[in-house]
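Below is one structure; the comments refer to it alone.
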Amino acid sequence: MKVESTEVDSRKVFSVSSFNEGIALWLGKLPTVWVEGEVSELRRSERWGSVFLTLRDPASGACLPLQMPRGQFDGLRLELADGERVLAYGRPEFFQRRGSFHLRALTIERYGLGAHLLELERLKQRLAAEGLFAQERKRPLPRIPRLIGLVTGSDAAAKRDVLTAIAGRFPPATVLVAEAHVQGPRAASSVAAAIEALCERGVEVVVVARGGGSFDDLLPFSDERLVRAVAACPVPVVSAVGHEQDVCLVDLAADLRASTPSVAGRLVVPDLAELRAGLERSAVGLRRSAARVCSRHAERLARSAAALRSAPARELERRRDRLEATAGRLRALAPRATLERGYAIVHAEGAVVREPPASGSELEIEVARGAFGARAR
Amino acid sequence: VSERSFEGDQAELETIVDRLERGDVALEELARLYERGEELWRRLAAELEQTQGRIEELGRKLDADSADSQK
């Protein structure tokens with residue numbers, strides 16, 4: 001692109017906008033760089049699209065205006081204050097309307113963060129190699145803890161969230177709260193001491209809760225002493241530190257990690273209403289099955305009793321029948337003996353003949369070894 | 001002294017009924033077996049009744065307890 005100029009009295013003259021455009025173009029060719037300085041005049045408003053601050057060189061007092069889109073700045077969650085030393089990564093930008101110059105930052109980090117992150121990563125690797133974060137070390141939470149320990153800051157919203165969640169789900173729960181420094185240089189040892197004190201009081205599970213904060217605020221929760229204290233805790237530990245996306249080393253060493261303090265509260269106690277309903281279902285099932293066993297036995301016994309009662313009568317009946325049958329055979333034998341002696345029985349029209357029959361009647365003569373037909377004359 | 005049980009008595013009763021139904025019982029034995037059957041039945045029925053009663057009573061107690069804890 002070419003910047004327009006005109007000839008006036010044999011001089012090359014630029015309009016303000018073409019001059020500014022030229023500067024902007026030239027500046028735009030400069031590379032993206034890291035600039036280190038102290039934060040001052042930090043200005044942020046919900047109404048503005050960008051956040052403004054001035055980077056100051058503490059040695060010479062030299063100043064550099066800096067801008068960053070507000071969404072990106074908030075996303076870093078730096079919670080910067082004036083006077084803090086930072087590193088800004090950006091490129092120079094010229095604001096043509098005002099003819100002013102600033103650094104357009106792509107990211108900002110606290111001075112020394114890179115070193116911190118590296119150190120943190122090394123610690124994480126070392127503790128992981130020791131097996132401190134191993135899945136096999138995770139212990140299940142007690143189903144109904146008799147005493148719950150809670151470590152939080154003195155008037156933290158985190159404390160309220162945990163207690164509200166516990167009370168809502170399991171009103172009879174007893175919670176022992178140990179207040180600790182959850183920020184600053186004493187935080188790590190203070191939280192570790194609170195965990196130990198709670199364990200001495202006989203808690204069955206410990207919740208460590210802290211609301212969101214800057215990287216520095218959450219740094220104590222990656223302190224080696226505290227991470228080791230959590231791993232060595234004799235009872236299961238539930239951690240709810242920072243927001244869901246911040247993972248500190250305490251989270252990795254804890255037996256269970258909750259995304260928020262409220263979730264931690266819900267995790268450490270069972271739902272009383274659900275528990276009651278389950279118990280009720282068991283009671284109903286118990287009664288039903290006991291009644292079923294009883295009635296099955298009663299039915300079986302009733303069948304036996306019915307069979308028992310009818311059996312002797314039937315047996316006697318059977319014997320009587322057999323006796324009758326034998327008697328019948330005995331009786332039938334008597335006339336047969338007579339036939340054997342040469343007598344015959346004459347039948348006519350199905351009846352035994354006792355009087356001389358009509359002449360021409362068909363007769364059936366039964367003798368000892370069979371029968372034959374004859375006709376009366 | 002033999003250890004008697006509900007199941008043992010029940011099995012004995014059922015064996016008696018089976019024998020009586022098959023009819024391989026000497027007449028002199030019929031009355032004796034029947035008497036033994038009736039004796040077993042009385043015992044089993046009483047035991048069953050008692051168990052049923054106890055279960056119902058325990059159920060009522062459970063109801064009362066859970067009504068107390070709901071208060």
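Chain labels follow the order of the structure tokens: the first chain is A, the next B, and so on; residue numbering restarts at 1 in every chain, and ligands are counted from 1 in their shown order.
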
Interface rows for range 255-371 of chain A against range 141-157 of chain A: nearest pair, Å to one decimal, 9 Å, only C-alpha atoms, as JSON lines:
{"residue": "A:Asp255", "atom": "CA", "partner": "A:Leu141", "partner_atom": "CA", "distance": 8.2}
{"residue": "A:Leu256", "atom": "CA", "partner": "A:Leu141", "partner_atom": "CA", "distance": 8.4}
{"residue": "A:Pro261", "atom": "CA", "partner": "A:Ala157", "partner_atom": "CA", "distance": 8.9}
{"residue": "A:Leu267", "atom": "CA", "partner": "A:Leu141", "partner_atom": "CA", "distance": 8.5}
{"residue": "A:Val268", "atom": "CA", "partner": "A:Leu141", "partner_atom": "CA", "distance": 6.9}
{"residue": "A:Val269", "atom": "CA", "partner": "A:Ile144", "partner_atom": "CA", "distance": 6.1}
{"residue": "A:Pro270", "atom": "CA", "partner": "A:Ile144", "partner_atom": "CA", "distance": 6.5}

Limited to N, CA and C atoms, could you put the picked residues into a file as a PDB file, in the first residue's frame?
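This is the output file part-v8.pdb:
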ATOM      1  N   ASP A 255      -8.370 -37.715  47.983  1.00  0.00           N
ATOM      2  CA  ASP A 255      -9.035 -38.952  47.595  1.00  0.00           C
ATOM      3  C   ASP A 255     -10.131 -38.681  46.587  1.00  0.00           C
ATOM      4  N   LEU A 256     -10.703 -37.466  46.678  1.00  0.00           N
ATOM      5  CA  LEU A 256     -11.757 -37.101  45.746  1.00  0.00           C
ATOM      6  C   LEU A 256     -11.659 -35.605  45.512  1.00  0.00           C
ATOM      7  N   PRO A 261     -17.072 -26.016  46.236  1.00  0.00           N
ATOM      8  CA  PRO A 261     -17.344 -26.347  47.638  1.00  0.00           C
ATOM      9  C   PRO A 261     -18.726 -26.976  47.834  1.00  0.00           C
ATOM     10  N   LEU A 267     -20.950 -34.415  48.325  1.00  0.00           N
ATOM     11  CA  LEU A 267     -20.240 -35.697  48.190  1.00  0.00           C
ATOM     12  C   LEU A 267     -19.995 -36.390  49.524  1.00  0.00           C
ATOM     13  N   VAL A 268     -19.840 -35.611  50.601  1.00  0.00           N
ATOM     14  CA  VAL A 268     -19.441 -36.248  51.866  1.00  0.00           C
ATOM     15  C   VAL A 268     -20.591 -36.800  52.678  1.00  0.00           C
ATOM     16  N   VAL A 269     -21.831 -36.469  52.309  1.00  0.00           N
ATOM     17  CA  VAL A 269     -22.951 -37.031  53.060  1.00  0.00           C
ATOM     18  C   VAL A 269     -23.958 -37.672  52.112  1.00  0.00           C
ATOM     19  N   PRO A 270     -24.662 -38.697  52.583  1.00  0.00           N
ATOM     20  CA  PRO A 270     -25.691 -39.296  51.742  1.00  0.00           C
ATOM     21  C   PRO A 270     -26.962 -38.445  51.812  1.00  0.00           C
TER      22      PRO A 270
END

All residues 7 Å or closer to range 99-112 of chain A, only C-alpha atoms, same chain fewer than 5 positions away omitted, as a VMD selection string:
chain A and resid 20 64 to 68 85 to 94

Residues of chain B within 7 Å of chain A, counting only C-alpha atoms, as a PyMOL selection string:
chain B and resi 14+17+20-21+23+30+37+41+48+52+59

Neighbouring residues of range 118-120 of chain A were defined as those with any atom within 9 Å, considering only C-alpha atoms; residues of the same chain fewer than 5 positions away were excluded. Please report them as a list in words.
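Residues meeting the cut-off are Leu113, Gln125, Ser222, Asp223 and Leu249 of chain A.
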
Selection file, N, CA and C atoms, as a PDB file, in the first residue's frame:
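Here's the written file selection18.pdb:
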ATOM      1  N   LEU A 113       6.367 -16.049  36.779  1.00  0.00           N
ATOM      2  CA  LEU A 113       5.381 -17.122  36.659  1.00  0.00           C
ATOM      3  C   LEU A 113       5.956 -18.322  35.912  1.00  0.00           C
ATOM      4  N   GLN A 125       5.756 -33.897  38.845  1.00  0.00           N
ATOM      5  CA  GLN A 125       6.378 -35.108  38.289  1.00  0.00           C
ATOM      6  C   GLN A 125       6.998 -35.947  39.403  1.00  0.00           C
ATOM      7  N   SER A 222      -0.522 -26.030  46.240  1.00  0.00           N
ATOM      8  CA  SER A 222       0.375 -26.926  45.512  1.00  0.00           C
ATOM      9  C   SER A 222       1.688 -27.050  46.279  1.00  0.00           C
ATOM     10  N   ASP A 223       1.706 -26.556  47.497  1.00  0.00           N
ATOM     11  CA  ASP A 223       2.914 -26.608  48.329  1.00  0.00           C
ATOM     12  C   ASP A 223       3.197 -28.056  48.728  1.00  0.00           C
ATOM     13  N   LEU A 249      -2.061 -29.187  43.170  1.00  0.00           N
ATOM     14  CA  LEU A 249      -1.537 -30.519  43.503  1.00  0.00           C
ATOM     15  C   LEU A 249      -2.312 -31.172  44.647  1.00  0.00           C
TER      16      LEU A 249
END
